[in-house]
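Visitor: What follows is structure31.cif, made up of mmCIF, C-alpha atoms:
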data_model
#
loop_
_atom_site.label_atom_id
_atom_site.label_comp_id
_atom_site.auth_asym_id
_atom_site.auth_seq_id
_atom_site.Cartn_x
_atom_site.Cartn_y
_atom_site.Cartn_z
CA MET A 40 -32.84 -10.25 10.98
CA LYS A 41 -30.16 -8.61 13.13
CA GLU A 42 -28.54 -12.02 13.65
CA LEU A 43 -28.41 -12.66 9.93
CA ILE A 44 -26.67 -9.41 9.02
CA SER A 45 -24.31 -9.77 11.97
CA SER A 46 -22.94 -13.06 10.66
CA PRO A 47 -19.53 -13.35 8.96
CA ILE A 48 -21.26 -14.83 5.90
CA PHE A 49 -23.21 -11.60 5.39
CA ALA A 50 -20.11 -9.42 5.81
CA ILE A 51 -18.13 -11.52 3.34
CA THR A 52 -20.96 -11.82 0.80
CA ILE A 53 -21.69 -8.10 0.77
CA THR A 54 -17.97 -7.30 0.39
CA PHE A 55 -17.61 -9.67 -2.55
CA MET A 56 -20.79 -8.39 -4.19
CA VAL A 57 -19.88 -4.72 -3.84
CA PHE A 58 -16.35 -5.29 -5.14
CA TYR A 59 -17.64 -7.40 -8.03
CA PHE A 60 -20.06 -4.69 -9.15
CA SER A 61 -17.47 -1.95 -8.60
CA THR A 62 -14.99 -3.80 -10.80
CA MET A 63 -17.64 -4.25 -13.50
CA LEU A 64 -18.43 -0.54 -13.44
CA TYR A 65 -14.75 0.38 -13.58
CA ASN A 66 -14.06 -1.98 -16.49
CA LYS A 67 -17.04 -0.60 -18.35
CA PHE A 68 -16.25 3.11 -17.96
CA LYS A 69 -12.50 3.09 -17.15
CA PHE A 70 -13.07 6.33 -15.23
CA ILE A 71 -10.45 6.91 -12.52
CA LEU A 72 -12.89 7.95 -9.78
CA LEU A 73 -14.64 4.59 -10.22
CA ASN A 74 -11.50 2.88 -8.85
CA PRO A 75 -12.91 -0.43 -7.49
CA VAL A 76 -11.30 -0.05 -4.05
CA LEU A 77 -12.52 3.53 -3.59
CA LEU A 78 -16.00 2.75 -4.90
CA SER A 79 -16.28 -0.39 -2.75
CA ILE A 80 -15.19 1.40 0.43
CA THR A 81 -17.60 4.31 -0.03
CA SER A 82 -20.47 2.00 -1.05
CA LEU A 83 -19.91 -0.31 1.91
CA ILE A 84 -19.80 2.63 4.34
CA ALA A 85 -23.11 3.83 2.90
CA ILE A 86 -24.63 0.34 3.14
CA LEU A 87 -23.46 -0.20 6.73
CA LYS A 88 -24.90 3.18 7.76
CA LEU A 89 -28.14 2.39 5.94
CA ILE A 90 -28.71 -1.00 7.56
CA ASN A 91 -27.32 0.30 10.85
CA LEU A 92 -24.56 -2.28 11.18
CA ASP A 93 -21.52 -1.14 13.16
CA TYR A 94 -18.02 -1.49 11.73
CA GLN A 95 -16.78 -3.86 14.46
CA THR A 96 -19.49 -6.41 13.65
CA TYR A 97 -18.88 -6.06 9.91
CA PHE A 98 -15.10 -6.36 10.31
CA SER A 99 -15.26 -9.39 12.62
CA GLY A 100 -16.51 -11.27 9.55
CA ALA A 101 -14.80 -9.35 6.75
CA LYS A 102 -11.36 -9.65 8.35
CA ILE A 103 -11.21 -13.15 6.89
CA ILE A 104 -10.77 -11.40 3.52
CA SER A 105 -8.05 -8.99 4.66
CA PHE A 106 -6.29 -11.84 6.44
CA PHE A 107 -4.95 -12.77 3.01
CA LEU A 108 -3.03 -9.48 2.81
CA GLY A 109 -0.14 -11.11 4.70
CA PRO A 110 0.38 -13.96 2.22
CA SER A 111 -0.25 -11.68 -0.77
CA VAL A 112 2.62 -9.39 0.30
CA VAL A 113 4.83 -12.49 0.49
CA ALA A 114 3.59 -13.49 -2.98
CA LEU A 115 4.99 -10.19 -4.35
CA GLY A 116 8.35 -11.98 -4.11
CA VAL A 117 7.47 -13.80 -7.35
CA PRO A 118 7.14 -10.77 -9.67
CA LEU A 119 10.11 -9.26 -7.87
CA TYR A 120 12.16 -12.33 -8.77
CA LEU A 121 10.91 -12.30 -12.38
CA GLN A 122 11.99 -8.69 -12.85
CA PHE A 123 15.16 -9.08 -10.79
CA GLU A 124 17.62 -8.43 -13.65
CA GLU A 125 15.81 -5.30 -14.83
CA ILE A 126 15.82 -3.95 -11.29
CA LYS A 127 19.42 -4.94 -10.53
CA LYS A 128 20.73 -2.86 -13.44
CA ARG A 129 19.34 0.20 -11.67
CA GLY A 130 20.31 -0.67 -8.10
CA VAL A 131 21.95 2.61 -7.11
CA SER A 132 19.44 4.90 -8.79
CA ILE A 133 16.57 2.98 -7.19
CA ILE A 134 18.02 3.37 -3.70
CA ILE A 135 18.65 7.10 -4.21
CA SER A 136 15.16 7.70 -5.61
CA ILE A 137 13.44 5.85 -2.79
CA VAL A 138 15.45 7.53 -0.03
CA VAL A 139 14.63 10.93 -1.57
CA GLY A 140 10.97 9.89 -1.83
CA SER A 141 10.89 8.75 1.77
CA LEU A 142 12.35 12.07 3.02
CA VAL A 143 9.99 14.10 0.81
CA GLY A 144 7.03 12.05 2.01
CA ILE A 145 7.66 12.45 5.73
CA PHE A 146 8.69 16.14 5.52
CA SER A 147 5.87 17.25 3.27
CA ALA A 148 3.18 15.41 5.24
CA ALA A 149 4.36 16.44 8.71
CA LEU A 150 5.30 20.03 7.89
CA THR A 151 2.17 20.82 5.87
CA ALA A 152 -0.07 19.38 8.58
CA LYS A 153 1.78 21.30 11.30
CA LEU A 154 1.73 24.62 9.40
CA LEU A 155 -2.00 24.22 8.78
CA GLY A 156 -2.57 23.84 12.50
CA ALA A 157 -2.90 20.10 13.11
CA SER A 158 -2.27 18.88 16.66
CA LYS A 159 1.02 17.14 17.42
CA THR A 160 -0.78 13.80 17.75
CA VAL A 161 -2.32 14.13 14.29
CA VAL A 162 1.03 15.22 12.79
CA ALA A 163 2.62 12.11 14.29
CA SER A 164 -0.19 9.98 12.88
CA ILE A 165 0.11 11.37 9.36
CA ALA A 166 3.94 11.49 9.04
CA PRO A 167 4.44 7.81 8.05
CA LYS A 168 1.35 7.70 5.81
CA SER A 169 3.09 6.50 2.61
CA VAL A 170 4.20 3.08 3.87
CA THR A 171 2.45 -0.22 4.34
CA THR A 172 -0.01 -0.33 7.28
CA PRO A 173 1.92 -2.43 9.85
CA ILE A 174 5.12 -0.38 9.41
CA ALA A 175 3.22 2.92 9.50
CA MET A 176 1.34 1.95 12.67
CA GLY A 177 4.60 0.97 14.38
CA ILE A 178 6.25 4.29 13.47
CA ALA A 179 3.23 6.36 14.53
CA GLU A 180 3.14 4.66 17.90
CA LYS A 181 6.83 5.33 18.46
CA ILE A 182 6.50 9.09 17.86
CA GLY A 183 3.23 9.61 19.73
CA GLY A 184 0.56 9.24 17.08
CA ILE A 185 -2.68 7.23 17.13
CA PRO A 186 -1.91 3.96 15.28
CA SER A 187 -5.50 3.30 14.22
CA LEU A 188 -5.86 6.84 12.80
CA THR A 189 -2.61 6.18 10.93
CA ALA A 190 -4.11 2.99 9.51
CA ALA A 191 -7.09 4.93 8.19
CA ILE A 192 -4.88 7.63 6.62
CA VAL A 193 -2.56 4.98 5.14
CA ILE A 194 -5.47 3.26 3.39
CA ALA A 195 -6.78 6.62 2.16
CA THR A 196 -3.30 7.44 0.83
CA GLY A 197 -3.17 4.10 -0.95
CA VAL A 198 -6.51 4.75 -2.60
CA LEU A 199 -5.43 8.26 -3.66
CA GLY A 200 -2.18 6.99 -5.17
CA ALA A 201 -4.02 4.22 -7.03
CA VAL A 202 -6.68 6.61 -8.32
CA ILE A 203 -4.50 9.53 -9.46
CA GLY A 204 -0.97 8.04 -9.56
CA PRO A 205 -0.74 6.78 -13.15
CA ALA A 206 -2.54 9.82 -14.64
CA PHE A 207 -0.51 12.29 -12.54
CA LEU A 208 2.79 10.71 -13.62
CA LYS A 209 1.69 10.86 -17.26
CA ILE A 210 0.87 14.57 -16.96
CA THR A 211 4.23 15.31 -15.34
CA GLY A 212 6.05 13.51 -18.16
CA ILE A 213 7.25 10.43 -16.29
CA LYS A 214 7.28 7.53 -18.74
CA ASN A 215 10.08 5.29 -17.46
CA LYS A 216 8.43 2.03 -16.35
CA VAL A 217 10.64 1.50 -13.31
CA ALA A 218 10.13 5.16 -12.31
CA ILE A 219 6.34 4.77 -12.55
CA GLY A 220 6.39 1.62 -10.42
CA LEU A 221 8.73 3.02 -7.78
CA ALA A 222 6.76 6.28 -7.55
CA ILE A 223 3.41 4.53 -7.08
CA GLY A 224 4.80 2.01 -4.59
CA SER A 225 6.61 4.74 -2.61
CA ALA A 226 3.55 7.00 -2.50
CA SER A 227 0.84 4.43 -1.94
CA HIS A 228 2.22 1.01 -0.83
CA GLY A 229 0.11 -2.12 -1.52
CA ILE A 230 -3.06 -0.50 -2.88
CA GLY A 231 -0.96 1.48 -5.37
CA THR A 232 1.02 -1.66 -6.20
CA ALA A 233 -2.14 -3.55 -7.12
CA ARG A 234 -2.88 -0.68 -9.53
CA ALA A 235 0.73 -0.58 -10.80
CA PHE A 236 0.38 -4.19 -11.98
CA GLU A 237 -2.37 -3.00 -14.35
CA GLU A 238 0.29 -0.84 -16.02
CA GLY A 239 2.63 -3.81 -16.48
CA GLU A 240 4.77 -6.50 -14.83
CA LEU A 241 7.87 -4.29 -14.49
CA GLU A 242 5.83 -1.43 -13.02
CA GLY A 243 4.25 -3.84 -10.52
CA ALA A 244 7.52 -5.47 -9.51
CA SER A 245 9.20 -2.06 -9.06
CA SER A 246 6.27 -0.98 -6.93
CA SER A 247 6.64 -4.12 -4.75
CA LEU A 248 10.29 -3.29 -4.26
CA ALA A 249 9.36 0.28 -3.30
CA ILE A 250 6.99 -0.97 -0.55
CA CYS A 251 9.89 -2.83 0.95
CA LEU A 252 12.66 -0.20 0.64
CA ASN A 253 10.44 2.79 1.42
CA GLY A 254 9.13 0.96 4.50
CA ILE A 255 12.65 0.53 5.82
CA ALA A 256 13.77 4.09 4.97
CA THR A 257 10.65 5.64 6.50
CA ALA A 258 11.03 3.60 9.69
CA ILE A 259 14.55 5.04 10.07
CA PHE A 260 13.88 8.67 9.06
CA THR A 261 10.47 9.49 10.57
CA PRO A 262 11.60 9.79 14.22
CA ILE A 263 14.54 12.00 13.12
CA ILE A 264 12.44 14.30 10.94
CA PHE A 265 9.70 14.51 13.56
CA TYR A 266 12.33 15.59 16.06
CA ILE A 267 13.73 18.21 13.67
CA ILE A 268 10.29 19.67 12.94
CA TYR A 269 9.33 19.95 16.61
CA ASN A 270 12.66 20.86 18.21
CA ILE A 271 14.81 22.62 15.65
CA LEU A 272 12.59 24.33 13.07
CA MET B 1050 -2.15 -24.41 -5.95
CA ILE B 1051 -1.92 -26.11 -2.55
CA GLN B 1052 1.83 -26.47 -3.02
CA GLY B 1053 2.12 -22.76 -3.82
CA LEU B 1054 0.03 -21.69 -0.83
CA THR B 1055 2.06 -23.99 1.41
CA ILE B 1056 5.27 -22.29 0.30
CA ILE B 1057 3.80 -18.79 0.67
CA PHE B 1058 2.44 -19.44 4.17
CA LEU B 1059 5.70 -21.06 5.16
CA PHE B 1060 7.59 -17.92 4.14
CA LEU B 1061 5.04 -15.75 5.92
CA PHE B 1062 5.54 -17.75 9.09
CA LEU B 1063 9.30 -17.61 8.66
CA GLY B 1064 9.12 -13.81 8.22
CA ASP B 1065 6.88 -13.42 11.27
CA SER B 1066 9.24 -15.60 13.31
CA ILE B 1067 12.22 -13.44 12.34
CA THR B 1068 10.36 -10.23 13.25
CA TYR B 1069 9.27 -11.75 16.55
CA LEU B 1070 12.69 -13.08 17.50
CA THR B 1071 14.84 -10.12 16.39
CA LYS B 1072 12.29 -7.40 17.24
CA ILE B 1073 13.23 -5.44 14.09
CA PRO B 1074 10.50 -2.95 13.15
CA ILE B 1075 9.76 -4.54 9.75
CA PRO B 1076 6.61 -6.65 9.33
CA GLY B 1077 7.00 -10.38 8.79
CA ASN B 1078 5.24 -10.31 5.43
CA VAL B 1079 7.82 -7.88 3.99
CA ILE B 1080 10.65 -10.11 5.27
CA GLY B 1081 8.83 -13.14 3.83
CA MET B 1082 8.68 -11.37 0.45
CA ILE B 1083 12.44 -10.72 0.48
CA LEU B 1084 13.21 -14.32 1.53
CA LEU B 1085 10.94 -15.71 -1.20
CA THR B 1086 12.71 -13.59 -3.85
CA ILE B 1087 16.11 -14.79 -2.61
CA SER B 1088 14.99 -18.44 -2.48
CA LEU B 1089 13.76 -18.25 -6.09
CA LYS B 1090 17.01 -16.58 -7.10
CA ILE B 1091 19.24 -19.23 -5.53
CA GLU B 1092 16.82 -21.94 -6.75
CA ILE B 1093 15.81 -23.47 -3.41
CA ILE B 1094 12.25 -22.86 -4.61
CA LYS B 1095 11.15 -23.56 -8.19
CA LEU B 1096 9.16 -20.83 -9.91
CA ASN B 1097 6.52 -23.28 -11.21
CA SER B 1098 5.70 -24.51 -7.74
CA VAL B 1099 4.77 -21.10 -6.35
CA LYS B 1100 3.71 -18.99 -9.36
CA PRO B 1101 0.06 -20.14 -9.81
CA ALA B 1102 -0.85 -19.37 -6.20
CA ALA B 1103 1.20 -16.15 -6.12
CA ASP B 1104 -0.46 -14.89 -9.32
CA ILE B 1105 -3.94 -15.28 -7.83
CA LEU B 1106 -2.97 -13.45 -4.63
CA VAL B 1107 -1.13 -10.61 -6.40
CA LYS B 1108 -3.86 -10.14 -9.01
CA ASN B 1109 -6.57 -9.79 -6.37
CA MET B 1110 -4.61 -7.85 -3.79
CA ALA B 1111 -6.67 -4.66 -4.15
CA PHE B 1112 -9.82 -6.47 -2.98
CA LEU B 1113 -8.16 -7.43 0.31
CA PHE B 1114 -7.79 -3.76 1.28
CA VAL B 1115 -11.54 -3.13 1.18
CA PRO B 1116 -12.53 -4.35 4.69
CA PRO B 1117 -9.84 -2.34 6.55
CA GLY B 1118 -10.59 0.62 4.26
CA VAL B 1119 -14.20 0.69 5.40
CA GLY B 1120 -12.72 1.22 8.88
CA ILE B 1121 -12.14 4.88 8.08
CA MET B 1122 -15.80 5.39 9.05
CA ILE B 1123 -14.85 5.06 12.74
CA TYR B 1124 -12.56 8.09 12.47
CA PHE B 1125 -14.97 10.44 10.72
CA ASP B 1126 -15.42 12.54 13.88
CA LEU B 1127 -11.70 12.76 14.65
CA ILE B 1128 -10.86 13.56 11.03
CA LYS B 1129 -13.65 16.17 10.90
CA THR B 1130 -12.12 18.24 13.70
CA GLU B 1131 -8.78 18.60 11.86
CA PHE B 1132 -10.07 18.00 8.36
CA ILE B 1133 -8.27 20.83 6.51
CA PRO B 1134 -4.69 20.05 7.68
CA ILE B 1135 -5.17 16.28 7.32
CA PHE B 1136 -6.77 16.51 3.89
CA LEU B 1137 -4.39 19.08 2.36
CA SER B 1138 -1.19 17.53 3.69
CA TYR B 1139 -2.35 14.09 2.57
CA ILE B 1140 -3.01 15.26 -1.00
CA PHE B 1141 0.09 17.47 -1.24
CA SER B 1142 2.43 14.86 0.23
CA THR B 1143 1.15 12.03 -1.98
CA LEU B 1144 1.69 14.14 -5.12
CA ALA B 1145 5.12 15.25 -3.86
CA VAL B 1146 6.26 11.64 -3.34
CA LEU B 1147 4.94 10.52 -6.72
CA TYR B 1148 6.73 13.38 -8.45
CA ALA B 1149 10.00 13.18 -6.50
CA VAL B 1150 10.49 9.43 -6.90
CA GLY B 1151 9.34 9.36 -10.52
CA LYS B 1152 11.46 12.33 -11.55
CA PHE B 1153 14.61 11.18 -9.72
CA GLN B 1154 14.40 7.64 -11.06
CA GLN B 1155 13.66 8.75 -14.61
CA THR B 1156 16.51 11.27 -14.59
CA LEU B 1157 19.06 8.87 -13.11
CA ASP B 1158 17.92 6.04 -15.36
CA GLY B 1159 16.92 7.95 -18.50
CA GLU B 1160 19.18 6.38 -21.11
CA LYS B 1161 18.61 2.78 -20.15
CA ASN B 1162 14.88 3.18 -20.49
CA GLU B 1163 14.97 4.61 -23.98
CA ARG B 1164 16.93 1.59 -25.11
CA ALA B 1165 14.49 -0.75 -23.38
CA ASP B 1166 11.55 0.88 -25.16
#
So that I can check it, write out the structure of this file as structure tokens.
Guide:
Amino acid sequence: MKELISSPIFAITITFMVFYFSTMLYNKFKFILLNPVLLSITSLIAILKLINLDYQTYFSGAKIISFFLGPSVVALGVPLYLQFEEIKKRGVSIIISIVVGSLVGIFSAALTAKLLGASKTVVASIAPKSVTTPIAMGIAEKIGGIPSLTAAIVIATGVLGAVIGPAFLKITGIKNKVAIGLAIGSASHGIGTARAFEEGELEGASSSLAICLNGIATAIFTPIIFYIIYNIL
Amino acid sequence: MIQGLTIIFLFLFLGDSITYLTKIPIPGNVIGMILLTISLKIEIIKLNSVKPAADILVKNMAFLFVPPGVGIMIYFDLIKTEFIPIFLSYIFSTLAVLYAVGKFQQTLDGEKNERAD
């Protein structure tokens, strides 16, 4: 029995099944907390605990699924190309908005965590939380964080942005399609971008662009802001 | 489909090679995305040859985040010890970024959008 559930086939099958049912539930009720990614992650954690399967064994099979994240980020180049003209018209405003967003993201995360008493290691792990996992892990490592804790927080941030992003922007009166896409991509990278595509092609493409630009800006600014918070403020 | 995947993996490999050789702190997949956009723009790559495969990957991207997401279970103990600062700063900062970027972009770009609608 143990051998069966330790196999990659089991890990992959259970992941597909859980996501399939989560998507069905979400499509049926359209309730934001039933976000398929959030529901799948929590259900799978519960299942793994229940059948007493450790994460390493599960992931050694399921990583075949997440392997396709690399090519799917490359594939974002297609919608980006299709919306190129729309985006180009707003070149300067997009760069300003994303740089502001990057600064706000790092400052608010690091300063809030520090003021609430987090250790320096945790502050360093949470500071780059808005950007895509490989960039965030690289930044965290450079400023003394724990890269794998960063990865966990980054995914959680992505889920949060995908779950509340569109509704939150609606409440705050943000209706501009490019603004919605950039905001979701800047706050919650790839997971948010997948959700932004549900809003529309232009929202999705803007979100893809935000992953890229916010990643670069955050890589530059995080070490500087971290230094300011710990040595000047 | 095969043609599209070939192109996408080629750009991924190209992006990874650039990251590896130049040691810039940007992941290869992000560089691959930029190069693919440019190649479509200057028509080295035809849209039809890559779009079917790209559509499938982009449409199902959320699913691919599930396995690493489950990984948060390993950090439950670490997160528990500093739960309040981690949780509050994570919520506050995510909302702050959403609002700041959305508001800035909408304000700077307001007129254009109304015409587009």
Visitor: Please report as a PyMOL selection string which residues of chain A come no farther than 6 Å from chain B, using all atoms listed in the file.
Guide: chain A and resi 80+101+104-105+109+111-114+116+120+132+136+140+144+147-148+151-152+155+157+191+194+215+218-219+222+226+230+233
Visitor: Which distance in Å separates CA of Gly229 in chain A and CA of Ala244 in chain A, to one decimal?
Guide: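 Between these atoms lies a distance of 11.4 Å.
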Visitor: Using only C-alpha atoms, find the one residue out of A:Lys159, A:Val117, A:Leu108, A:Ile44 that sits nearest to Ile86 in chain A.
Guide: A:Ile44
Visitor: What is the distance between CA of Ser79 in chain A and CA of Tyr97 in chain A, in Å to one decimal?
Guide: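 One can read the CA of Ser79 in chain A to CA of Tyr97 in chain A distance as 14.1 Å.
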Visitor: Grab the CA of Gly231 in chain A to CA of Val131 in chain A distance for me, in Å with one decimal place.
Guide: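 Separation of CA of Gly231 in chain A and CA of Val131 in chain A: 23.0 Å.
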Visitor: Decode the PyMOL selection byres ((chain A and resi 47) around 12) for the given file into explicit residues and return them as a PDB file with C-alpha atoms, keeping the file's coordinate frame.
Guide:
ATOM      1  CA  GLU A  42     -28.540 -12.020  13.650  1.00  0.00           C
ATOM      2  CA  LEU A  43     -28.410 -12.660   9.930  1.00  0.00           C
ATOM      3  CA  ILE A  44     -26.670  -9.410   9.020  1.00  0.00           C
ATOM      4  CA  SER A  45     -24.310  -9.770  11.970  1.00  0.00           C
ATOM      5  CA  SER A  46     -22.940 -13.060  10.660  1.00  0.00           C
ATOM      6  CA  ILE A  48     -21.260 -14.830   5.900  1.00  0.00           C
ATOM      7  CA  PHE A  49     -23.210 -11.600   5.390  1.00  0.00           C
ATOM      8  CA  ALA A  50     -20.110  -9.420   5.810  1.00  0.00           C
ATOM      9  CA  ILE A  51     -18.130 -11.520   3.340  1.00  0.00           C
ATOM     10  CA  THR A  52     -20.960 -11.820   0.800  1.00  0.00           C
ATOM     11  CA  ILE A  53     -21.690  -8.100   0.770  1.00  0.00           C
ATOM     12  CA  THR A  54     -17.970  -7.300   0.390  1.00  0.00           C
ATOM     13  CA  GLN A  95     -16.780  -3.860  14.460  1.00  0.00           C
ATOM     14  CA  THR A  96     -19.490  -6.410  13.650  1.00  0.00           C
ATOM     15  CA  TYR A  97     -18.880  -6.060   9.910  1.00  0.00           C
ATOM     16  CA  PHE A  98     -15.100  -6.360  10.310  1.00  0.00           C
ATOM     17  CA  SER A  99     -15.260  -9.390  12.620  1.00  0.00           C
ATOM     18  CA  GLY A 100     -16.510 -11.270   9.550  1.00  0.00           C
ATOM     19  CA  ALA A 101     -14.800  -9.350   6.750  1.00  0.00           C
ATOM     20  CA  LYS A 102     -11.360  -9.650   8.350  1.00  0.00           C
ATOM     21  CA  ILE A 103     -11.210 -13.150   6.890  1.00  0.00           C
ATOM     22  CA  ILE A 104     -10.770 -11.400   3.520  1.00  0.00           C
TER      23      ILE A 104
END
Visitor: Could you tell me, as a list of chain:residue names, exactly which residues end up selected when the PyMOL selection byres ((chain A and resi 62) around 12) is applied to this structure?
Guide: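 So the PyMOL selection byres ((chain A and resi 62) around 12) ends up selecting A:Phe55, A:Met56, A:Val57, A:Phe58, A:Tyr59, A:Phe60, A:Ser61, A:Met63, A:Leu64, A:Tyr65, A:Asn66, A:Lys67, A:Phe68, A:Lys69, A:Phe70, A:Ile71, A:Leu72, A:Leu73, A:Asn74, A:Pro75, A:Val76, A:Leu77, A:Leu78, A:Ser79, B:Asn1109, B:Ala1111, B:Phe1112.
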Visitor: Skipping near chain neighbours, those fewer than 6 positions away, what residues fall within 8 Å of Ala235 in chain A using all atoms listed in the file, listed as number ranges by chain?
Guide: A: 201, 205, 219-220, 223-224, 242-243, 246
Visitor: Evaluate the PyMOL selection byres ((chain A and resi 166) around 12) and record the selected residues as JSON, numbers by chain, following the chain and residue labels used in the document.
Guide: {"A": [141, 142, 143, 144, 145, 146, 147, 148, 149, 150, 151, 152, 153, 157, 159, 160, 161, 162, 163, 164, 165, 167, 168, 169, 170, 174, 175, 176, 177, 178, 179, 180, 181, 182, 183, 184, 185, 186, 188, 189, 190, 192, 193, 196, 257, 258, 260, 261, 262, 263, 264, 265, 266, 268], "B": [1135, 1138, 1139, 1142, 1143]}
